[in-house]
>>> print(open('data-v5.cif').read())   # mmCIF, C-alpha atoms
data_protein
#
loop_
_atom_site.group_PDB
_atom_site.id
_atom_site.type_symbol
_atom_site.label_atom_id
_atom_site.label_comp_id
_atom_site.auth_asym_id
_atom_site.auth_seq_id
_atom_site.Cartn_x
_atom_site.Cartn_y
_atom_site.Cartn_z
ATOM 1 C CA MET A 19 45.187 130.963 36.119
ATOM 2 C CA THR A 20 48.366 132.537 37.431
ATOM 3 C CA GLY A 21 49.644 134.271 40.511
ATOM 4 C CA PRO A 22 48.565 133.614 44.125
ATOM 5 C CA LEU A 23 45.289 131.920 43.124
ATOM 6 C CA ARG A 24 47.064 129.236 41.124
ATOM 7 C CA SER A 25 49.750 128.679 43.730
ATOM 8 C CA GLY A 26 47.156 128.190 46.450
ATOM 9 C CA ARG A 27 48.453 131.031 48.589
ATOM 10 C CA TRP A 28 44.916 132.384 48.840
ATOM 11 C CA ARG A 29 44.332 129.778 51.569
ATOM 12 C CA TYR A 30 46.456 131.869 53.929
ATOM 13 C CA LEU A 31 43.793 134.604 53.668
ATOM 14 C CA LEU A 32 40.975 132.383 54.956
ATOM 15 C CA PRO A 33 41.566 133.226 58.664
ATOM 16 C CA VAL A 34 41.468 136.981 57.943
ATOM 17 C CA PRO A 35 37.621 137.347 57.911
ATOM 18 C CA LEU A 36 37.387 135.304 61.139
ATOM 19 C CA PHE A 37 40.037 137.465 62.752
ATOM 20 C CA LEU A 38 38.253 140.677 61.700
ATOM 21 C CA LEU A 39 34.931 139.271 62.936
ATOM 22 C CA ALA A 40 36.465 138.477 66.333
ATOM 23 C CA ILE A 41 37.948 141.970 66.616
ATOM 24 C CA GLY A 42 34.575 143.504 65.693
ATOM 25 C CA LEU A 43 32.696 141.416 68.272
ATOM 26 C CA ILE A 44 35.202 142.260 70.985
ATOM 27 C CA TRP A 45 34.953 145.961 70.196
ATOM 28 C CA TRP A 46 31.153 145.857 70.032
ATOM 29 C CA ARG A 47 30.436 143.546 72.972
ATOM 30 C CA GLY A 48 33.695 143.973 74.842
ATOM 31 C CA PRO A 49 34.439 145.709 78.123
ATOM 32 C CA ASN A 50 34.648 149.382 78.900
ATOM 33 C CA TRP A 51 37.941 150.221 77.185
ATOM 34 C CA HIS A 52 38.478 153.238 79.413
ATOM 35 C CA GLN A 53 38.427 150.888 82.405
ATOM 36 C CA VAL A 54 40.842 148.565 80.617
ATOM 37 C CA GLY A 55 43.288 151.420 80.130
ATOM 38 C CA HIS A 56 42.867 152.443 83.763
ATOM 39 C CA SER A 57 43.603 148.866 84.866
ATOM 40 C CA PHE A 58 46.891 148.921 82.953
ATOM 41 C CA SER A 59 47.833 152.208 84.570
ATOM 42 C CA SER A 60 47.508 150.654 88.034
ATOM 43 C CA VAL A 61 49.268 147.360 87.320
ATOM 44 C CA ARG A 62 51.620 146.001 89.980
ATOM 45 C CA TRP A 63 54.673 145.300 87.844
ATOM 46 C CA ASP A 64 56.407 143.216 90.500
ATOM 47 C CA TYR A 65 53.732 140.546 90.053
ATOM 48 C CA VAL A 66 54.098 140.832 86.263
ATOM 49 C CA ALA A 67 57.842 140.213 86.619
ATOM 50 C CA LEU A 68 57.106 137.216 88.837
ATOM 51 C CA ALA A 69 54.734 135.837 86.183
ATOM 52 C CA VAL A 70 57.454 136.195 83.534
ATOM 53 C CA VAL A 71 59.911 134.265 85.717
ATOM 54 C CA LEU A 72 57.326 131.542 86.392
ATOM 55 C CA ASN A 73 56.582 131.217 82.680
ATOM 56 C CA LEU A 74 60.296 130.897 81.957
ATOM 57 C CA LEU A 75 60.570 128.158 84.582
ATOM 58 C CA SER A 76 57.607 126.412 82.963
ATOM 59 C CA VAL A 77 59.323 126.477 79.573
ATOM 60 C CA LEU A 78 62.570 125.206 81.108
ATOM 61 C CA VAL A 79 61.048 122.177 82.821
ATOM 62 C CA ARG A 80 58.847 121.307 79.845
ATOM 63 C CA ALA A 81 61.900 121.468 77.593
ATOM 64 C CA GLY A 82 63.548 119.194 80.144
ATOM 65 C CA ALA A 83 60.725 116.690 79.689
ATOM 66 C CA TRP A 84 61.268 116.712 75.920
ATOM 67 C CA ASN A 85 65.015 116.362 76.465
ATOM 68 C CA THR A 86 64.320 113.251 78.586
ATOM 69 C CA ALA A 87 62.286 111.737 75.738
ATOM 70 C CA ILE A 88 65.054 112.539 73.249
ATOM 71 C CA HIS A 89 67.760 110.950 75.401
ATOM 72 C CA GLN A 90 65.691 107.789 75.722
ATOM 73 C CA ALA A 91 65.103 107.545 71.963
ATOM 74 C CA MET A 92 68.187 108.875 70.199
ATOM 75 C CA PRO A 93 71.588 107.173 70.268
ATOM 76 C CA PRO A 94 74.700 109.304 70.918
ATOM 77 C CA PRO A 95 75.702 111.910 69.950
ATOM 78 C CA ARG A 96 72.589 113.648 71.263
ATOM 79 C CA PRO A 97 71.866 117.387 71.063
ATOM 80 C CA ALA A 98 72.779 119.403 74.135
ATOM 81 C CA PHE A 99 70.017 120.751 76.369
ATOM 82 C CA GLN A 100 70.731 124.306 75.173
ATOM 83 C CA LEU A 101 69.802 123.269 71.627
ATOM 84 C CA VAL A 102 66.715 121.395 72.841
ATOM 85 C CA PHE A 103 65.603 124.451 74.823
ATOM 86 C CA SER A 104 66.151 126.775 71.845
ATOM 87 C CA ALA A 105 64.191 124.493 69.501
ATOM 88 C CA PHE A 106 61.396 124.203 72.065
ATOM 89 C CA CYS A 107 61.153 128.012 72.286
ATOM 90 C CA VAL A 108 61.028 128.256 68.486
ATOM 91 C CA GLY A 109 58.118 125.824 68.512
ATOM 92 C CA LEU A 110 56.241 127.862 71.117
ATOM 93 C CA PHE A 111 56.793 131.032 69.097
ATOM 94 C CA ALA A 112 55.585 129.354 65.884
ATOM 95 C CA ASN A 113 52.408 128.172 67.617
ATOM 96 C CA VAL A 114 51.689 131.756 68.669
ATOM 97 C CA VAL A 115 52.368 133.643 65.425
ATOM 98 C CA LEU A 116 51.112 131.074 62.885
ATOM 99 C CA PRO A 117 47.674 129.464 62.500
ATOM 100 C CA GLY A 118 47.641 125.724 63.061
ATOM 101 C CA ARG A 119 49.842 123.643 65.339
ATOM 102 C CA VAL A 120 52.991 124.030 63.242
ATOM 103 C CA GLY A 121 55.214 124.677 66.240
ATOM 104 C CA GLU A 122 55.769 120.966 66.817
ATOM 105 C CA LEU A 123 57.130 120.530 63.298
ATOM 106 C CA ALA A 124 59.164 123.720 63.642
ATOM 107 C CA ARG A 125 61.024 122.515 66.715
ATOM 108 C CA VAL A 126 61.763 119.178 65.046
ATOM 109 C CA ALA A 127 63.132 120.937 61.968
ATOM 110 C CA VAL A 128 65.274 123.334 64.027
ATOM 111 C CA LEU A 129 66.759 120.624 66.233
ATOM 112 C CA ALA A 130 67.259 118.051 63.462
ATOM 113 C CA ARG A 131 69.443 120.516 61.562
ATOM 114 C CA ARG A 132 71.835 120.637 64.521
ATOM 115 C CA THR A 133 72.384 116.863 64.615
ATOM 116 C CA ASP A 134 74.953 114.813 62.699
ATOM 117 C CA ASP A 135 72.338 113.170 60.408
ATOM 118 C CA PRO A 136 69.194 115.367 60.070
ATOM 119 C CA ARG A 137 67.416 113.019 57.668
ATOM 120 C CA ARG A 138 67.788 110.030 59.984
ATOM 121 C CA ASN A 139 67.124 111.913 63.228
ATOM 122 C CA ALA A 140 64.098 113.982 62.129
ATOM 123 C CA PRO A 141 61.616 111.042 62.387
ATOM 124 C CA ILE A 142 63.073 110.083 65.768
ATOM 125 C CA LEU A 143 62.636 113.647 67.022
ATOM 126 C CA LEU A 144 59.093 113.727 65.656
ATOM 127 C CA GLY A 145 58.285 110.582 67.628
ATOM 128 C CA SER A 146 59.800 112.152 70.754
ATOM 129 C CA VAL A 147 57.545 115.198 70.264
ATOM 130 C CA VAL A 148 54.486 112.921 70.135
ATOM 131 C CA ALA A 149 55.608 111.171 73.320
ATOM 132 C CA HIS A 150 56.272 114.532 74.982
ATOM 133 C CA ARG A 151 52.787 115.774 74.121
ATOM 134 C CA MET A 152 51.286 112.579 75.546
ATOM 135 C CA PHE A 153 52.781 113.409 78.944
ATOM 136 C CA ASP A 154 50.791 116.664 78.824
ATOM 137 C CA LEU A 155 47.630 114.607 79.183
ATOM 138 C CA PHE A 156 48.226 113.725 82.845
ATOM 139 C CA PRO A 157 48.581 117.259 84.306
ATOM 140 C CA SER A 158 45.876 118.639 82.021
ATOM 141 C CA LEU A 159 43.458 115.910 83.130
ATOM 142 C CA THR A 160 44.276 116.663 86.766
ATOM 143 C CA LEU A 161 43.691 120.379 86.198
ATOM 144 C CA VAL A 162 40.376 119.802 84.419
ATOM 145 C CA ILE A 163 39.042 117.530 87.165
ATOM 146 C CA TRP A 164 40.077 120.056 89.824
ATOM 147 C CA VAL A 165 38.426 122.945 87.985
ATOM 148 C CA LEU A 166 35.251 120.949 87.349
ATOM 149 C CA PHE A 167 34.869 120.445 91.101
ATOM 150 C CA SER A 168 35.846 123.998 92.089
ATOM 151 C CA ALA A 169 34.349 126.215 89.367
ATOM 152 C CA LYS A 170 31.463 126.469 86.958
ATOM 153 C CA LEU A 171 32.549 126.036 83.358
ATOM 154 C CA PRO A 172 30.437 127.159 80.377
ATOM 155 C CA ALA A 173 28.719 124.397 78.422
ATOM 156 C CA TRP A 174 30.861 124.903 75.310
ATOM 157 C CA ALA A 175 34.022 124.490 77.370
ATOM 158 C CA ILE A 176 32.757 121.289 79.013
ATOM 159 C CA THR A 177 31.803 119.790 75.642
ATOM 160 C CA SER A 178 35.166 120.732 74.133
ATOM 161 C CA LEU A 179 37.040 119.288 77.103
ATOM 162 C CA GLU A 180 35.111 116.024 76.953
ATOM 163 C CA LEU A 181 35.853 115.597 73.251
ATOM 164 C CA VAL A 182 39.511 116.532 73.570
ATOM 165 C CA LEU A 183 40.109 114.332 76.611
ATOM 166 C CA ALA A 184 38.394 111.353 74.946
ATOM 167 C CA ALA A 185 40.478 111.835 71.806
ATOM 168 C CA SER A 186 43.633 112.290 73.898
ATOM 169 C CA LEU A 187 43.042 109.076 75.859
ATOM 170 C CA ALA A 188 42.439 107.173 72.625
ATOM 171 C CA LEU A 189 45.581 108.672 71.104
ATOM 172 C CA LEU A 190 47.558 107.811 74.238
ATOM 173 C CA LEU A 191 46.485 104.172 73.900
ATOM 174 C CA VAL A 192 47.468 104.113 70.220
ATOM 175 C CA VAL A 193 50.855 105.712 70.937
ATOM 176 C CA TRP A 194 51.536 103.265 73.775
ATOM 177 C CA LEU A 195 50.704 100.304 71.527
ATOM 178 C CA LEU A 196 52.959 101.672 68.775
ATOM 179 C CA ALA A 197 55.749 102.137 71.292
ATOM 180 C CA ARG A 198 55.410 98.508 72.394
ATOM 181 C CA ARG A 199 56.017 97.206 68.875
ATOM 182 C CA ARG A 200 59.570 96.308 68.029
ATOM 183 C CA ASN A 201 61.246 97.714 64.938
ATOM 184 C CA PRO A 202 62.874 95.411 62.387
ATOM 185 C CA THR A 203 66.534 94.784 63.161
ATOM 186 C CA ALA A 204 67.794 95.663 59.671
ATOM 187 C CA LEU A 205 66.184 98.971 58.708
ATOM 188 C CA GLU A 206 68.273 99.144 55.548
ATOM 189 C CA GLU A 207 66.412 96.142 54.125
ATOM 190 C CA VAL A 208 62.946 97.738 54.330
ATOM 191 C CA GLY A 209 61.412 100.470 52.207
ATOM 192 C CA ARG A 210 61.957 104.173 52.785
ATOM 193 C CA LEU A 211 58.499 104.815 54.236
ATOM 194 C CA GLN A 212 58.779 101.825 56.563
ATOM 195 C CA ARG A 213 62.165 103.110 57.670
ATOM 196 C CA VAL A 214 60.728 106.533 58.519
ATOM 197 C CA ILE A 215 57.836 104.962 60.459
ATOM 198 C CA ALA A 216 60.216 102.673 62.339
ATOM 199 C CA ARG A 217 62.408 105.608 63.352
ATOM 200 C CA ALA A 218 59.350 107.590 64.439
ATOM 201 C CA ARG A 219 58.390 104.646 66.659
ATOM 202 C CA GLN A 220 61.937 104.718 67.985
ATOM 203 C CA GLY A 221 61.163 108.249 69.187
ATOM 204 C CA LEU A 222 58.435 106.752 71.391
ATOM 205 C CA ALA A 223 60.965 104.692 73.343
ATOM 206 C CA ILE A 224 60.281 106.581 76.565
ATOM 207 C CA MET A 225 56.747 105.171 76.572
ATOM 208 C CA ARG A 226 58.157 101.737 77.446
ATOM 209 C CA ALA A 227 60.733 102.970 79.994
ATOM 210 C CA PRO A 228 58.958 103.462 83.380
ATOM 211 C CA LEU A 229 61.561 105.580 85.192
ATOM 212 C CA PRO A 230 62.280 108.077 82.361
ATOM 213 C CA ALA A 231 58.530 108.244 81.687
ATOM 214 C CA ALA A 232 57.869 109.081 85.341
ATOM 215 C CA LEU A 233 60.562 111.781 85.204
ATOM 216 C CA ALA A 234 59.083 113.322 82.041
ATOM 217 C CA ALA A 235 55.569 113.251 83.502
ATOM 218 C CA SER A 236 56.822 114.901 86.715
ATOM 219 C CA LEU A 237 58.508 117.658 84.717
ATOM 220 C CA GLN A 238 55.293 118.234 82.777
ATOM 221 C CA TYR A 239 53.381 118.482 86.056
ATOM 222 C CA ALA A 240 55.919 121.050 87.292
ATOM 223 C CA GLY A 241 55.528 123.028 84.065
ATOM 224 C CA TRP A 242 51.757 123.214 84.464
ATOM 225 C CA ILE A 243 52.087 124.217 88.110
ATOM 226 C CA PHE A 244 54.411 127.072 87.126
ATOM 227 C CA GLN A 245 51.896 128.145 84.473
ATOM 228 C CA LEU A 246 49.079 128.083 87.043
ATOM 229 C CA LEU A 247 51.103 130.235 89.446
ATOM 230 C CA ALA A 248 51.980 132.607 86.600
ATOM 231 C CA VAL A 249 48.288 133.131 85.806
ATOM 232 C CA TRP A 250 47.546 133.705 89.486
ATOM 233 C CA SER A 251 50.399 136.223 89.668
ATOM 234 C CA VAL A 252 49.026 138.155 86.693
ATOM 235 C CA MET A 253 45.611 138.250 88.334
ATOM 236 C CA TYR A 254 47.170 139.803 91.430
ATOM 237 C CA ALA A 255 49.081 142.239 89.215
ATOM 238 C CA PHE A 256 45.717 143.562 88.015
ATOM 239 C CA HIS A 257 44.341 143.632 91.589
ATOM 240 C CA ILE A 258 42.092 140.609 91.025
ATOM 241 C CA ASP A 259 42.218 139.081 94.495
ATOM 242 C CA GLU A 260 40.676 135.671 93.817
ATOM 243 C CA PRO A 261 41.484 132.096 94.907
ATOM 244 C CA ILE A 262 43.839 129.932 92.887
ATOM 245 C CA ALA A 263 40.827 128.002 91.553
ATOM 246 C CA ALA A 264 40.022 131.081 89.457
ATOM 247 C CA ALA A 265 43.528 130.914 87.977
ATOM 248 C CA GLY A 266 42.918 127.227 87.243
ATOM 249 C CA LEU A 267 39.719 128.121 85.394
ATOM 250 C CA VAL A 268 41.591 130.739 83.345
ATOM 251 C CA LEU A 269 44.319 128.229 82.441
ATOM 252 C CA VAL A 270 41.752 125.627 81.367
ATOM 253 C CA LEU A 271 39.853 128.139 79.223
ATOM 254 C CA MET A 272 43.102 129.338 77.629
ATOM 255 C CA ASN A 273 43.928 125.792 76.564
ATOM 256 C CA VAL A 274 40.401 125.125 75.310
ATOM 257 C CA ALA A 275 40.437 128.316 73.229
ATOM 258 C CA THR A 276 43.770 127.403 71.609
ATOM 259 C CA ILE A 277 42.937 123.800 70.685
ATOM 260 C CA PHE A 278 42.038 124.895 67.152
ATOM 261 C CA PRO A 279 44.216 127.907 66.190
ATOM 262 C CA LEU A 280 42.129 129.702 63.549
ATOM 263 C CA TRP A 281 44.503 132.677 63.288
ATOM 264 C CA PRO A 282 47.831 133.679 64.884
ATOM 265 C CA GLY A 283 47.553 133.178 68.623
ATOM 266 C CA ASN A 284 43.729 133.183 68.393
ATOM 267 C CA VAL A 285 44.036 136.809 69.497
ATOM 268 C CA GLY A 286 40.675 138.049 70.692
ATOM 269 C CA LEU A 287 39.116 134.611 70.918
ATOM 270 C CA VAL A 288 41.340 133.629 73.855
ATOM 271 C CA GLN A 289 40.604 136.855 75.722
ATOM 272 C CA ALA A 290 36.852 136.543 75.130
ATOM 273 C CA ALA A 291 36.827 132.862 76.144
ATOM 274 C CA ILE A 292 38.455 133.798 79.447
ATOM 275 C CA ALA A 293 36.660 137.059 80.264
ATOM 276 C CA LEU A 294 33.057 136.126 79.488
ATOM 277 C CA PRO A 295 32.761 133.008 81.724
ATOM 278 C CA LEU A 296 34.606 134.740 84.574
ATOM 279 C CA THR A 297 32.382 137.807 84.511
ATOM 280 C CA ALA A 298 29.307 135.601 84.158
ATOM 281 C CA GLY A 299 30.455 133.717 87.251
ATOM 282 C CA GLY A 300 30.576 136.871 89.354
ATOM 283 C CA LEU A 301 34.135 138.106 88.896
ATOM 284 C CA ARG A 302 34.067 141.892 88.685
ATOM 285 C CA SER A 303 36.501 144.143 86.858
ATOM 286 C CA ALA A 304 39.846 145.023 88.368
ATOM 287 C CA SER A 305 38.701 148.561 89.047
ATOM 288 C CA GLY A 306 35.766 147.263 91.094
ATOM 289 C CA CYS A 307 37.442 144.535 93.150
ATOM 290 C CA ARG A 308 40.838 145.719 94.245
ATOM 291 C CA ARG A 309 42.939 144.268 96.960
ATOM 292 C CA SER A 310 43.307 147.721 98.500
ATOM 293 C CA ARG A 311 39.589 148.162 99.065
ATOM 294 C CA PRO A 312 38.303 147.802 102.634
ATOM 295 C CA ALA A 313 36.432 144.738 103.776
ATOM 296 C CA SER A 314 33.157 146.659 103.632
ATOM 297 C CA ALA A 315 33.464 146.762 99.824
ATOM 298 C CA SER A 316 31.915 143.310 99.643
ATOM 299 C CA ALA A 317 28.707 144.700 101.107
ATOM 300 C CA SER A 318 28.439 147.197 98.232
ATOM 301 C CA GLY A 319 28.229 144.517 95.582
ATOM 302 C CA CYS A 320 31.807 143.365 95.017
ATOM 303 C CA SER A 321 31.146 139.694 95.766
ATOM 304 C CA SER A 322 33.888 137.129 95.806
ATOM 305 C CA TRP A 323 34.294 134.697 92.935
ATOM 306 C CA ARG A 324 34.670 131.979 95.533
ATOM 307 C CA THR A 325 31.128 132.473 96.808
ATOM 308 C CA ARG A 326 29.450 133.469 93.543
ATOM 309 C CA VAL A 327 30.572 130.431 91.528
ATOM 310 C CA SER A 328 28.906 127.099 92.150
ATOM 311 C CA ARG A 329 31.208 124.457 93.563
ATOM 312 C CA THR A 330 29.190 121.594 92.144
ATOM 313 C CA PRO A 331 30.094 120.206 88.702
ATOM 314 C CA PRO A 332 27.715 121.363 85.956
#
>>> encode(input="data-v5.cif", output="structure tokens")
Amino acid sequence: MTGPLRSGRWRYLLPVPLFLLAIGLIWWRGPNWHQVGHSFSSVRWDYVALAVVLNLLSVLVRAGAWNTAIHQAMPPPRPAFQLVFSAFCVGLFANVVLPGRVGELARVAVLARRTDDPRRNAPILLGSVVAHRMFDLFPSLTLVIWVLFSAKLPAWAITSLELVLAASLALLLVVWLLARRRNPTALEEVGRLQRVIARARQGLAIMRAPLPAALAASLQYAGWIFQLLAVWSVMYAFHIDEPIAAAGLVLVLMNVATIFPLWPGNVGLVQAAIALPLTAGGLRSASGCRRSRPASASASGCSSWRTRVSRTPP
């Protein structure tokens, strides 16, 4: 057997049927596409610009959190923040355009190449990425608890969140225990694999440093807050005048839908995961619930998401 089948490249075609199925379902069961086009024609671009700025601020502070982990783990000379920010952006881009969570490896590879000893520093950077992702658990847990008490999530989302949060807490405990272990003093005397593992544990150094850990966690909180405000700004750009709890629900559903990237960006799946629960909860289309409509519009059937969605946890 020769060609792509022998080389195993056929595996890259596996997401294609799922992607086509998602597109077909969205087209068949999706919204009125004429209304969608009309909504884009009436977008308030000042709010879109604000959302772009807020997203950029989110990326900046989250890159700052990773930079804090790197500075705690890597001895001088350390990469400058500009390089850390660039590598972080490459990782975000890779997570969007490629199936699987390869962005984390991509940012390690990009940044390691810009250090004085890529082979030695790559495991350290990989450990710092793990530590950085662990600090995501605290703001995401806060967001989930807030949304559970302020909105009604679909059953599949609740189940997914419970599984992911349980796995994340278990992984956080494992990472913390690994970070507490001390590496052997003479790494040159151990085997190559042990040396790589020891350097990866070195990347977890921030997990045993309270003040840098608090700084990294605070930066991650700020990044999530900027993301939440960006989602809320986009909602206002499309004349969806809803409370910030609705933006929190959208942000939670976006993260749930991208836990397992089946195809690039999970395009279609993310949009369906967000739109269907919101419309089921009483949120009308942008053309039906505009901020410019008079107060009497609520009497004609355009009910508020705040009043239509149960405030008790499911």
>>> closest_residue(input="data-v5.cif", among="A:Ala216, A:Asn85, A:Pro97, A:Trp194", to="Pro136 of chain A", atoms="all atoms listed in the file")
A:Pro97
>>> resolve_selection(input="data-v5.cif", expression="the PyMOL selection byres ((chain A and resi 140-148) around 10)", output="ChimeraX atom specification")
/A:84-92,106,122-123,125-131,133,135-139,149-153,189-190,193,197,213-225
>>> closest_residue(input="data-v5.cif", among="A:Ser60, A:Ser76, A:Thr160, A:Ser168", to="Ala263 of chain A", atoms="all atoms listed in the file")
A:Ser168
>>> closest_residue(input="data-v5.cif", among="A:Ser59, A:Thr177, A:Ser236, A:Gln289", to="Phe256 of chain A", atoms="all atoms listed in the file")
A:Ser59
>>> residues_around(input="data-v5.cif", residues="Val66 of chain A", least_positions_apart="3", cutoff="7 Å", atoms="only C-alpha atoms", output="mmCIF file with C-alpha atoms, in the coordinates of the input")
data_model
loop_
_atom_site.group_PDB
_atom_site.id
_atom_site.type_symbol
_atom_site.label_atom_id
_atom_site.label_comp_id
_atom_site.auth_asym_id
_atom_site.auth_seq_id
_atom_site.Cartn_x
_atom_site.Cartn_y
_atom_site.Cartn_z
ATOM 1 C CA ARG A 62 51.620 146.001 89.980
ATOM 2 C CA TRP A 63 54.673 145.300 87.844
ATOM 3 C CA ALA A 69 54.734 135.837 86.183
ATOM 4 C CA VAL A 70 57.454 136.195 83.534
ATOM 5 C CA SER A 251 50.399 136.223 89.668
ATOM 6 C CA VAL A 252 49.026 138.155 86.693
ATOM 7 C CA ALA A 255 49.081 142.239 89.215
#
>>> atom_distance(input="data-v5.cif", atom1="atom CA of Ser104 of chain A", atom2="atom CA of Met253 of chain A")
28.7 Å
>>> closest_residue(input="data-v5.cif", among="A:Ala248, A:Val162, A:Leu72, A:Val120", to="Val108 of chain A", atoms="all atoms listed in the file")
A:Val120
>>> atom_distance(input="data-v5.cif", atom1="atom CA of Ala83 of chain A", atom2="atom CA of Ser158 of chain A")
15.2 Å
>>> axis_aligned_box(input="data-v5.cif", around="segment 137-156 of chain A", padding_each_side="5 Å", output="JSON")
{"center_x": 57.7, "center_y": 113.3, "center_z": 70.3, "size_x": 30.2, "size_y": 16.6, "size_z": 35.2}
>>> closest_residue(input="data-v5.cif", among="A:Trp250, A:Ala264, A:His257, A:Ala98", to="Leu68 of chain A", atoms="all atoms listed in the file")
A:Trp250
>>> closest_residue(input="data-v5.cif", among="A:Ala67, A:Ala227, A:Val270, A:Gln100", to="Leu246 of chain A", atoms="only C-alpha atoms")
A:Val270
>>> decode(input="data-v5.cif", residues="segment 221-242 of chain A", atoms="N, CA and C atoms", output="compact mmCIF listing (two decimals), in the first residue's frame")
# COMPACT_ATOMS: atom_id res chain seq x y z
N GLY A 221 9.14 23.61 35.09
CA GLY A 221 8.20 24.58 34.54
C GLY A 221 7.00 24.83 35.42
N LEU A 222 6.77 23.94 36.40
CA LEU A 222 5.64 24.10 37.33
C LEU A 222 6.03 24.88 38.58
N ALA A 223 7.19 25.52 38.55
CA ALA A 223 7.71 26.17 39.76
C ALA A 223 6.75 27.20 40.34
N ILE A 224 5.96 27.83 39.49
CA ILE A 224 5.05 28.86 39.99
C ILE A 224 3.98 28.28 40.91
N MET A 225 3.74 26.98 40.80
CA MET A 225 2.72 26.34 41.64
C MET A 225 3.14 26.28 43.11
N ARG A 226 4.43 26.46 43.39
CA ARG A 226 4.87 26.47 44.79
C ARG A 226 5.39 27.85 45.20
N ALA A 227 5.03 28.88 44.46
CA ALA A 227 5.42 30.26 44.78
C ALA A 227 4.13 31.07 44.96
N PRO A 228 3.68 31.33 46.19
CA PRO A 228 2.35 31.93 46.42
C PRO A 228 2.14 33.27 45.73
N LEU A 229 3.09 34.20 45.84
CA LEU A 229 2.87 35.53 45.27
C LEU A 229 2.83 35.52 43.75
N PRO A 230 3.79 34.90 43.04
CA PRO A 230 3.66 34.81 41.58
C PRO A 230 2.40 34.05 41.15
N ALA A 231 2.03 33.01 41.91
CA ALA A 231 0.81 32.27 41.57
C ALA A 231 -0.42 33.16 41.70
N ALA A 232 -0.47 33.98 42.75
CA ALA A 232 -1.59 34.90 42.92
C ALA A 232 -1.63 35.92 41.78
N LEU A 233 -0.46 36.39 41.35
CA LEU A 233 -0.41 37.34 40.24
C LEU A 233 -0.92 36.70 38.95
N ALA A 234 -0.46 35.47 38.67
CA ALA A 234 -0.90 34.78 37.45
C ALA A 234 -2.41 34.52 37.48
N ALA A 235 -2.92 34.10 38.64
CA ALA A 235 -4.36 33.85 38.76
C ALA A 235 -5.14 35.13 38.57
N SER A 236 -4.65 36.25 39.10
CA SER A 236 -5.34 37.54 38.93
C SER A 236 -5.36 37.96 37.47
N LEU A 237 -4.26 37.74 36.77
CA LEU A 237 -4.22 38.07 35.34
C LEU A 237 -5.18 37.20 34.55
N GLN A 238 -5.30 35.93 34.92
CA GLN A 238 -6.26 35.06 34.25
C GLN A 238 -7.69 35.51 34.51
N TYR A 239 -7.97 35.93 35.74
CA TYR A 239 -9.29 36.48 36.04
C TYR A 239 -9.57 37.71 35.17
N ALA A 240 -8.58 38.60 35.06
CA ALA A 240 -8.76 39.80 34.23
C ALA A 240 -9.01 39.42 32.77
N GLY A 241 -8.29 38.40 32.28
CA GLY A 241 -8.51 37.96 30.90
C GLY A 241 -9.91 37.47 30.66
N TRP A 242 -10.46 36.70 31.60
CA TRP A 242 -11.83 36.21 31.46
C TRP A 242 -12.85 37.34 31.57
